[in-house]
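The file start-v5.cif contains mmCIF, C-alpha atoms:
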```
data_run
loop_
_atom_site.label_atom_id
_atom_site.label_comp_id
_atom_site.auth_asym_id
_atom_site.auth_seq_id
_atom_site.Cartn_x
_atom_site.Cartn_y
_atom_site.Cartn_z
CA MET R 60 41.25 165.97 7.92
CA PRO R 61 41.62 162.26 7.15
CA VAL R 62 38.86 160.45 5.38
CA THR R 63 37.66 157.19 6.94
CA PRO R 64 35.59 155.25 4.43
CA PRO R 65 33.37 152.43 5.75
CA ARG R 66 35.47 149.44 6.76
CA ASN R 67 32.98 146.74 5.88
CA LEU R 68 29.55 146.12 4.40
CA ALA R 69 27.89 146.29 7.81
CA GLU R 70 29.18 149.83 8.38
CA LEU R 71 28.09 150.82 4.90
CA PHE R 72 24.64 149.41 5.49
CA LEU R 73 24.22 151.05 8.89
CA GLY R 74 25.43 154.37 7.55
CA PHE R 75 22.86 154.41 4.79
CA LEU R 76 20.23 153.11 7.17
CA ALA R 77 20.91 156.16 9.33
CA ILE R 78 20.51 158.43 6.32
CA GLY R 79 17.28 156.82 5.23
CA ALA R 80 15.76 156.79 8.68
CA ARG R 81 16.36 160.47 9.43
CA SER R 82 15.69 161.99 6.05
CA PHE R 83 12.33 163.62 6.60
CA GLY R 84 11.75 166.35 4.07
CA GLY R 85 14.84 165.64 2.00
CA VAL R 86 17.60 163.09 1.78
CA MET R 87 20.42 165.32 0.59
CA PRO R 88 21.10 167.24 3.82
CA TRP R 89 21.14 164.04 5.86
CA ALA R 90 23.35 162.27 3.35
CA TYR R 91 25.84 165.12 3.66
CA ARG R 92 25.63 165.20 7.42
CA THR R 93 26.02 161.46 7.80
CA MET R 94 28.69 160.78 5.22
CA VAL R 95 30.76 163.96 5.34
CA GLU R 96 30.30 165.36 8.85
CA GLU R 97 29.54 162.43 11.13
CA ARG R 98 31.37 159.51 9.58
CA ARG R 99 33.90 161.27 7.38
CA TRP R 100 33.46 158.76 4.62
CA LEU R 101 34.38 161.35 2.04
CA THR R 102 35.26 165.00 1.69
CA ALA R 103 32.73 167.70 0.97
CA GLU R 104 34.18 168.23 -2.50
CA ASP R 105 33.91 164.55 -3.28
CA PHE R 106 30.32 164.54 -2.10
CA THR R 107 29.38 167.53 -4.23
CA GLU R 108 31.04 166.07 -7.29
CA THR R 109 29.28 162.74 -6.87
CA ILE R 110 25.90 164.40 -6.43
CA GLY R 111 26.59 166.66 -9.37
CA LEU R 112 27.27 163.68 -11.56
CA CYS R 113 24.12 161.93 -10.39
CA GLN R 114 22.03 164.99 -11.35
CA PHE R 115 22.57 164.08 -14.98
CA LEU R 116 21.74 160.47 -14.56
CA PRO R 117 18.24 159.04 -14.61
CA GLY R 118 16.85 157.82 -11.36
CA PRO R 119 16.76 159.12 -7.81
CA ASN R 120 19.71 161.38 -7.13
CA ILE R 121 20.61 160.03 -3.72
CA GLY R 122 19.76 156.47 -4.72
CA ASN R 123 22.27 156.71 -7.54
CA SER R 124 24.84 158.19 -5.18
CA ALA R 125 24.38 155.20 -2.89
CA ILE R 126 25.06 152.92 -5.83
CA VAL R 127 28.05 154.89 -7.08
CA LEU R 128 29.66 155.18 -3.65
CA GLY R 129 28.84 151.59 -2.69
CA LYS R 130 30.51 150.48 -5.88
CA ARG R 131 33.58 152.59 -5.15
CA TRP R 132 34.12 151.00 -1.75
CA PHE R 133 32.89 147.44 -2.16
CA GLY R 134 31.97 146.83 -5.79
CA LEU R 135 28.62 145.41 -6.76
CA ARG R 136 27.86 144.12 -3.26
CA GLY R 137 28.54 147.59 -1.92
CA SER R 138 26.05 149.12 -4.34
CA VAL R 139 23.33 146.67 -3.38
CA VAL R 140 23.97 147.01 0.35
CA ALA R 141 24.06 150.80 0.25
CA PHE R 142 20.88 150.96 -1.78
CA LEU R 143 19.04 148.55 0.54
CA GLY R 144 20.24 150.44 3.58
CA LEU R 145 18.91 153.71 2.20
CA PHE R 146 15.47 152.45 1.24
CA ALA R 147 14.76 149.82 3.89
CA LEU R 148 13.29 151.85 6.75
CA PRO R 149 11.58 154.47 4.57
CA PHE R 150 9.92 151.67 2.59
CA ILE R 151 8.46 150.14 5.73
CA TRP R 152 7.45 153.54 7.08
CA VAL R 153 5.72 154.71 3.93
CA LEU R 154 3.62 151.56 3.65
CA ALA R 155 2.73 151.68 7.33
CA LEU R 156 1.77 155.33 7.06
CA ALA R 157 -0.30 154.66 3.95
CA SER R 158 -2.15 151.84 5.73
CA LEU R 159 -2.81 154.10 8.65
CA TYR R 160 -3.97 156.84 6.35
CA ALA R 161 -6.31 154.44 4.56
CA ASP R 162 -8.05 153.87 7.87
CA PHE R 163 -8.66 157.57 8.42
CA ALA R 164 -9.10 158.75 4.85
CA SER R 165 -12.86 158.70 5.15
CA HIS R 166 -12.76 161.66 7.52
CA HIS R 167 -13.18 164.78 5.45
CA VAL R 168 -10.79 166.89 7.53
CA VAL R 169 -8.04 164.28 7.36
CA ARG R 170 -8.38 164.13 3.60
CA ALA R 171 -8.37 167.92 3.37
CA VAL R 172 -5.20 168.25 5.42
CA VAL R 173 -3.39 165.55 3.49
CA THR R 174 -4.48 167.02 0.15
CA GLY R 175 -3.19 170.37 1.35
CA VAL R 176 0.18 168.81 2.15
CA GLY R 177 0.24 167.28 -1.31
CA ALA R 178 -0.57 170.63 -2.89
CA ALA R 179 2.30 172.20 -0.95
CA GLY R 180 4.52 169.46 -2.36
CA ALA R 181 3.38 170.42 -5.85
CA GLY R 182 4.37 173.98 -4.99
CA PHE R 183 7.88 172.71 -4.22
CA PHE R 184 8.13 171.37 -7.76
CA ILE R 185 7.21 174.78 -9.12
CA ALA R 186 9.73 176.50 -6.86
CA THR R 187 12.46 174.07 -7.92
CA ALA R 188 11.64 174.60 -11.57
CA ILE R 189 11.75 178.36 -11.10
CA LYS R 190 15.13 178.15 -9.37
CA LEU R 191 16.54 175.97 -12.15
CA SER R 192 15.12 178.21 -14.86
CA ARG R 193 16.92 181.37 -13.78
CA PRO R 194 19.95 180.83 -16.02
CA LEU R 195 17.62 180.08 -18.91
CA VAL R 196 15.34 183.10 -19.03
CA ARG R 197 17.50 185.04 -21.45
CA LYS R 198 17.79 182.20 -23.92
CA PRO R 199 14.75 182.17 -26.22
CA GLY R 200 15.57 178.66 -27.40
CA ALA R 201 15.48 177.35 -23.84
CA VAL R 202 12.26 179.20 -23.08
CA ALA R 203 10.70 177.71 -26.20
CA VAL R 204 11.65 174.18 -25.13
CA VAL R 205 10.32 174.74 -21.62
CA LEU R 206 7.03 176.16 -22.91
CA GLY R 207 6.70 173.45 -25.52
CA LEU R 208 7.12 170.75 -22.90
CA PHE R 209 4.72 172.42 -20.51
CA ILE R 210 2.01 172.80 -23.13
CA THR R 211 2.25 169.27 -24.50
CA VAL R 212 3.05 167.29 -21.36
CA GLY R 213 1.66 169.48 -18.58
CA LEU R 214 -1.48 170.80 -20.22
CA GLY R 215 -2.03 168.43 -23.10
CA ARG R 216 -1.08 165.30 -21.13
CA VAL R 217 0.54 163.87 -24.21
CA SER R 218 2.70 160.88 -23.45
CA LEU R 219 6.24 161.75 -22.51
CA PHE R 220 7.50 158.86 -24.60
CA MET R 221 6.24 160.68 -27.67
CA VAL R 222 7.20 164.20 -26.67
CA LEU R 223 10.60 163.68 -25.11
CA PRO R 224 12.46 162.36 -28.16
CA VAL R 225 11.27 165.36 -30.15
CA ALA R 226 12.04 167.81 -27.34
CA ALA R 227 15.44 166.25 -26.77
CA ALA R 228 16.29 166.44 -30.47
CA VAL R 229 15.28 170.11 -30.59
CA ALA R 230 17.19 170.93 -27.42
CA LEU R 231 20.28 169.10 -28.62
CA TYR R 232 20.15 170.86 -31.98
CA LEU R 233 19.86 174.26 -30.30
CA SER R 234 22.63 173.33 -27.91
CA ARG R 235 25.03 172.22 -30.64
CA SER R 236 24.40 175.36 -32.65
CA HIS R 237 25.13 177.34 -29.49
CA ARG R 238 21.70 178.82 -29.18
CA LEU R 239 21.25 177.38 -25.69
CA MET F 197 -2.15 139.84 -10.24
CA LEU F 198 0.80 138.62 -12.27
CA VAL F 199 -0.31 140.73 -15.21
CA THR F 200 -0.46 143.77 -12.93
CA LEU F 201 3.02 143.05 -11.61
CA LEU F 202 4.34 142.81 -15.15
CA GLU F 203 2.63 146.05 -16.06
CA LEU F 204 4.09 147.76 -13.00
CA ALA F 205 7.54 146.48 -13.90
CA LEU F 206 7.20 147.60 -17.51
CA TYR F 207 5.81 151.06 -16.89
CA PHE F 208 8.05 151.97 -13.99
CA GLY F 209 11.02 150.44 -15.73
CA MET F 210 10.45 152.70 -18.71
CA LEU F 211 9.89 155.73 -16.52
CA SER F 212 13.10 154.86 -14.75
CA LEU F 213 15.12 155.24 -17.92
CA ILE F 214 13.87 158.76 -18.63
CA SER F 215 13.82 160.03 -15.07
CA VAL F 216 16.70 162.44 -15.57
CA GLY F 217 16.48 164.99 -12.80
CA GLY F 218 14.71 162.56 -10.51
CA LEU F 219 11.07 161.97 -9.75
CA PRO F 220 9.73 165.44 -10.66
CA SER F 221 10.67 164.92 -14.31
CA VAL F 222 8.43 161.90 -14.74
CA MET F 223 5.66 162.97 -12.41
CA SER F 224 3.17 164.02 -15.09
CA GLU F 225 3.81 160.92 -17.17
CA MET F 226 3.45 158.76 -14.07
CA GLN F 227 0.12 160.40 -13.29
CA ARG F 228 -1.05 159.83 -16.85
CA ILE F 229 -0.18 156.13 -16.74
CA VAL F 230 -1.35 155.44 -13.22
CA ILE F 231 -4.62 157.37 -13.34
CA ASP F 232 -5.72 157.68 -16.96
CA VAL F 233 -4.35 154.53 -18.52
CA GLU F 234 -4.34 151.89 -15.81
CA HIS F 235 -6.80 153.34 -13.28
CA TRP F 236 -4.74 152.06 -10.37
CA VAL F 237 -5.31 155.28 -8.49
CA ALA F 238 -8.16 157.81 -8.56
CA PRO F 239 -7.23 161.43 -9.47
CA GLU F 240 -7.62 162.99 -6.02
CA GLU F 241 -6.00 159.95 -4.42
CA PHE F 242 -2.77 160.56 -6.27
CA LEU F 243 -2.16 163.84 -4.51
CA GLN F 244 -2.86 162.22 -1.17
CA LEU F 245 -0.44 159.38 -1.84
CA TYR F 246 2.15 161.96 -2.81
CA ALA F 247 1.56 163.69 0.52
CA VAL F 248 2.08 160.43 2.41
CA GLY F 249 5.36 160.06 0.56
CA GLN F 250 6.30 163.61 1.52
CA ALA F 251 5.61 162.87 5.17
CA SER F 252 7.95 159.91 5.03
CA PRO F 253 11.71 159.82 5.25
CA GLY F 254 13.79 158.71 2.33
CA PRO F 255 13.80 159.55 -1.35
CA ASN F 256 10.46 160.69 -2.69
CA MET F 257 10.71 157.92 -5.29
CA LEU F 258 8.91 155.92 -2.65
CA ILE F 259 5.57 157.10 -3.95
CA VAL F 260 5.93 154.42 -6.59
CA SER F 261 5.81 151.84 -3.80
CA LEU F 262 2.47 153.24 -2.74
CA ILE F 263 1.16 153.05 -6.28
CA GLY F 264 2.44 149.49 -6.59
CA TRP F 265 0.81 148.66 -3.28
CA LYS F 266 -2.53 150.05 -4.45
CA ALA F 267 -2.25 148.13 -7.68
CA ALA F 268 -1.07 144.77 -6.35
CA GLY F 269 -0.44 144.79 -2.62
CA LEU F 270 2.97 144.20 -1.08
CA PRO F 271 4.47 142.40 -4.09
CA GLY F 272 3.39 145.38 -6.16
CA ALA F 273 5.15 147.75 -3.78
CA PHE F 274 8.41 145.84 -4.18
CA VAL F 275 8.14 145.43 -7.93
CA ALA F 276 7.36 149.09 -8.47
CA LEU F 277 10.32 150.26 -6.42
CA ILE F 278 12.83 147.89 -8.01
CA ALA F 279 11.49 148.71 -11.47
CA MET F 280 11.72 152.44 -10.81
CA CYS F 281 15.27 152.32 -9.51
CA GLY F 282 16.80 149.35 -11.33
CA PRO F 283 17.04 150.33 -14.99
CA ALA F 284 18.16 153.83 -14.06
CA ALA F 285 20.82 152.37 -11.79
CA VAL F 286 22.14 150.14 -14.55
CA LEU F 287 22.05 152.99 -17.06
CA SER F 288 23.74 155.30 -14.56
CA TRP F 289 26.47 152.79 -13.87
CA TRP F 290 27.21 152.64 -17.56
CA VAL F 291 26.85 156.36 -18.27
CA ALA F 292 28.91 157.38 -15.24
CA GLY F 293 31.94 155.70 -16.76
CA LEU F 294 31.38 157.34 -20.15
CA TRP F 295 30.74 160.71 -18.57
CA GLU F 296 34.13 160.69 -16.92
CA ARG F 297 35.93 159.53 -20.04
CA PHE F 298 34.41 162.20 -22.25
CA LYS F 299 34.86 165.02 -19.76
CA HIS F 300 36.18 167.44 -22.37
CA SER F 301 34.15 166.39 -25.35
CA PRO F 302 32.02 169.15 -26.92
CA TRP F 303 29.21 166.64 -27.21
CA ARG F 304 29.13 166.19 -23.49
CA ALA F 305 28.89 169.93 -22.99
CA ALA F 306 26.15 170.14 -25.61
CA ILE F 307 24.17 167.39 -23.91
CA GLN F 308 24.56 169.05 -20.53
CA ARG F 309 23.28 172.35 -21.91
CA ALA F 310 20.37 170.65 -23.65
CA MET F 311 19.26 168.90 -20.48
CA ALA F 312 18.58 172.06 -18.53
CA PRO F 313 15.43 173.27 -20.36
CA LEU F 314 14.18 169.69 -20.65
CA VAL F 315 14.39 169.12 -16.93
CA VAL F 316 12.86 172.52 -16.14
CA GLY F 317 9.95 171.97 -18.54
CA LEU F 318 9.28 168.55 -17.08
CA ILE F 319 9.37 169.70 -13.48
CA PHE F 320 6.96 172.56 -14.23
CA SER F 321 4.65 170.06 -15.89
CA GLY F 322 4.96 167.70 -12.95
CA GLY F 323 4.05 170.34 -10.40
CA TYR F 324 1.13 171.53 -12.50
CA ALA F 325 -0.19 168.02 -13.08
CA LEU F 326 0.08 167.18 -9.41
CA ALA F 327 -1.93 170.25 -8.44
CA THR F 328 -4.54 169.72 -11.15
CA PRO F 329 -5.88 166.19 -10.62
CA HIS F 330 -9.05 166.62 -12.61
CA ARG F 331 -7.62 168.66 -15.48
CA THR F 332 -9.94 171.52 -14.57
CA PRO F 333 -8.75 174.67 -12.81
CA GLU F 334 -8.39 174.02 -9.10
CA TRP F 335 -8.02 177.46 -7.63
CA ARG F 336 -7.76 176.28 -4.05
CA LEU F 337 -5.07 173.70 -4.76
CA TRP F 338 -3.22 176.20 -6.93
CA LEU F 339 -3.39 178.73 -4.13
CA ILE F 340 -1.81 176.34 -1.66
CA ALA F 341 0.80 175.26 -4.19
CA GLY F 342 1.56 178.89 -5.03
CA ALA F 343 1.92 179.80 -1.38
CA ALA F 344 4.28 176.89 -0.79
CA ALA F 345 6.32 177.82 -3.86
CA ALA F 346 6.56 181.43 -2.73
CA GLY F 347 7.53 180.25 0.74
CA MET F 348 10.26 178.06 -0.61
CA LEU F 349 11.64 180.77 -2.88
CA LEU F 350 11.47 183.64 -0.41
CA LEU F 351 12.05 182.01 2.98
CA LYS F 352 15.20 180.16 2.05
CA LYS F 353 16.25 179.25 5.57
CA LEU F 354 12.93 177.76 6.54
CA ASN F 355 12.78 173.99 6.83
CA PRO F 356 10.42 172.79 4.10
CA LEU F 357 8.58 170.63 6.60
CA TRP F 358 7.01 173.81 8.02
CA LEU F 359 5.73 174.68 4.58
CA LEU F 360 4.20 171.24 4.26
CA ALA F 361 2.52 171.70 7.63
CA ALA F 362 1.24 175.09 6.51
CA GLY F 363 -0.10 173.42 3.38
CA GLY F 364 -1.95 170.95 5.56
CA ALA F 365 -3.43 173.72 7.67
CA LEU F 366 -4.52 175.66 4.58
CA GLY F 367 -6.00 172.46 3.26
CA ALA F 368 -8.12 172.10 6.38
CA PHE F 369 -9.42 175.66 5.90
CA LEU F 370 -9.96 175.70 2.18
CA LEU F 371 -10.81 172.17 1.16
#
```

Show this structure as structure tokens.
Amino acid sequence: MPVTPPRNLAELFLGFLAIGARSFGGVMPWAYRTMVEERRWLTAEDFTETIGLCQFLPGPNIGNSAIVLGKRWFGLRGSVVAFLGLFALPFIWVLALASLYADFASHHVVRAVVTGVGAAGAGFFIATAIKLSRPLVRKPGAVAVVLGLFITVGLGRVSLFMVLPVAAAVALYLSRSHRL
Amino acid sequence: MLVTLLELALYFGMLSLISVGGLPSVMSEMQRIVIDVEHWVAPEEFLQLYAVGQASPGPNMLIVSLIGWKAAGLPGAFVALIAMCGPAAVLSWWVAGLWERFKHSPWRAAIQRAMAPLVVGLIFSGGYALATPHRTPEWRLWLIAGAAAAGMLLLKKLNPLWLLAAGGALGAFLL
């Protein structure tokens, strides 16, 4: 099946606009649908590889993908255009929604519902962490790093900028000596 | 206002550089800075802002725009978002090239293996911090979070938006 990358910046922008606008609940599925299924900008393998790479990079996963892919097709301008396309509508929406919420936040029930939604979101973090931890449970070194981070950063609320260098050094040491 | 904008740029810029694994990794640090250090947002407000971000399309990084907006209005919203995405984007651009070049290096493999427990530990911390705004046990919030986590792990085909809605409903009952 032939791949048809975006022909110009306008197409790139509109494509990412479509991703951003529809991505309620998660950007990844819509990015896949838009770029691989609907517009055939790239193959599924290419998509997965790009996302996989972006997992190891700091910053928002999909945001980085927009930059990487934009760069591939149109250089620096492509990166900027793709990024703007992705964030433009969500940015406007989120501020509008927050303003609206501010008007109603004094109602106890509204606050309770929204707090509940937030708590569910926190639950998603936990679920994600559990999913990612499955390959690690049998490695005592990994478990130690996870616990250490949780106790200092999660419970102790020590600054990440102090903890992370230490944790990273420990993890890297364990990894190099093949205990991870 | 300018001072606030500079602070937003500095803090979110720094968070940007260590946000490996995305927003969840820096969530607890962000809470610490935004609530404890700078007092831009009150503890229970943070969870609500997060929920507004959840109910919005786009990457969940957008919560930083809401924090920036609370701190310094619309300019703050822009500054926060650019600061949160910019440095990481530049770093990623640079690292992406290196990553490809050193595909078979043992160091690269070692770094990849080391990242896994770091990211997991940070995401656990982020979820816990989010559900514990006042640093005291919050059984009702933990219950909702736990239910959502169980739902996500067990009901794999279910669209997460339903779980968020369920969280909202539980919130109305319990909170």

Counting all atoms listed in the file, give me one row per residue of chain R with an atom at most 6 Å from an atom of chain F, showing the shortest contact pair and its distance in Å to one decimal, sorted by chain then residue number, as CSV.
```
residue,atom,partner,partner_atom,distance
R:Gly79,CA,F:Gly254,CA,4.9
R:Ser82,CA,F:Pro253,CA,4.6
R:Phe83,CA,F:Pro253,CA,4.1
R:Gly84,CA,F:Leu357,CA,5.9
R:Val86,CA,F:Gly254,CA,5.8
R:Gln114,CA,F:Gly217,CA,5.7
R:Leu116,CA,F:Val216,CA,5.5
R:Pro117,CA,F:Val216,CA,3.9
R:Gly118,CA,F:Ala284,CA,5.0
R:Pro119,CA,F:Gly218,CA,4.8
R:Pro149,CA,F:Gly254,CA,5.3
R:Val153,CA,F:Ser252,CA,5.8
R:Val168,CA,F:Ala368,CA,6.0
R:Ala171,CA,F:Gly367,CA,5.1
R:Val172,CA,F:Gly364,CA,4.2
R:Val173,CA,F:Gln244,CA,5.8
R:Thr174,CA,F:Gln244,CA,5.2
R:Gly175,CA,F:Gly367,CA,4.0
R:Val176,CA,F:Gly364,CA,4.6
R:Gly177,CA,F:Ala247,CA,4.2
R:Ala178,CA,F:Ala341,CA,5.0
R:Ala179,CA,F:Ala341,CA,4.7
R:Ala181,CA,F:Gly323,CA,4.6
R:Gly182,CA,F:Ala341,CA,3.9
R:Phe183,CA,F:Ala345,CA,5.4
R:Phe184,CA,F:Gly323,CA,5.0
R:Ile185,CA,F:Phe320,CA,5.6
R:Ala186,CA,F:Ala345,CA,4.7
R:Ala188,CA,F:Val316,CA,5.2
R:Ala201,CA,F:Pro313,CA,5.4
R:Val205,CA,F:Gly317,CA,4.2
R:Leu208,CA,F:Gly317,CA,5.3
R:Phe209,CA,F:Ser321,CA,5.2
R:Gly213,CA,F:Ser321,CA,4.1
R:Leu219,CA,F:Glu225,CA,5.9
R:Ala230,CA,F:Ala310,CA,4.9
R:Leu231,CA,F:Ala310,CA,5.2
R:Ser234,CA,F:Ala306,CA,5.3
R:Arg235,CA,F:Ala306,CA,5.6
```

Atomic distance atom CA of Pro329 of chain F - atom CA of Pro239 of chain F, expressed in Å with one decimal: 5.1 Å

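In this model, the gap between atom CA of Leu128 of chain R and atom CA of Phe150 of chain R comes to 21.0 Å.
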
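Going from atom CA of Ala141 of chain R over to atom CA of Ile126 of chain R, you cover 6.5 Å.
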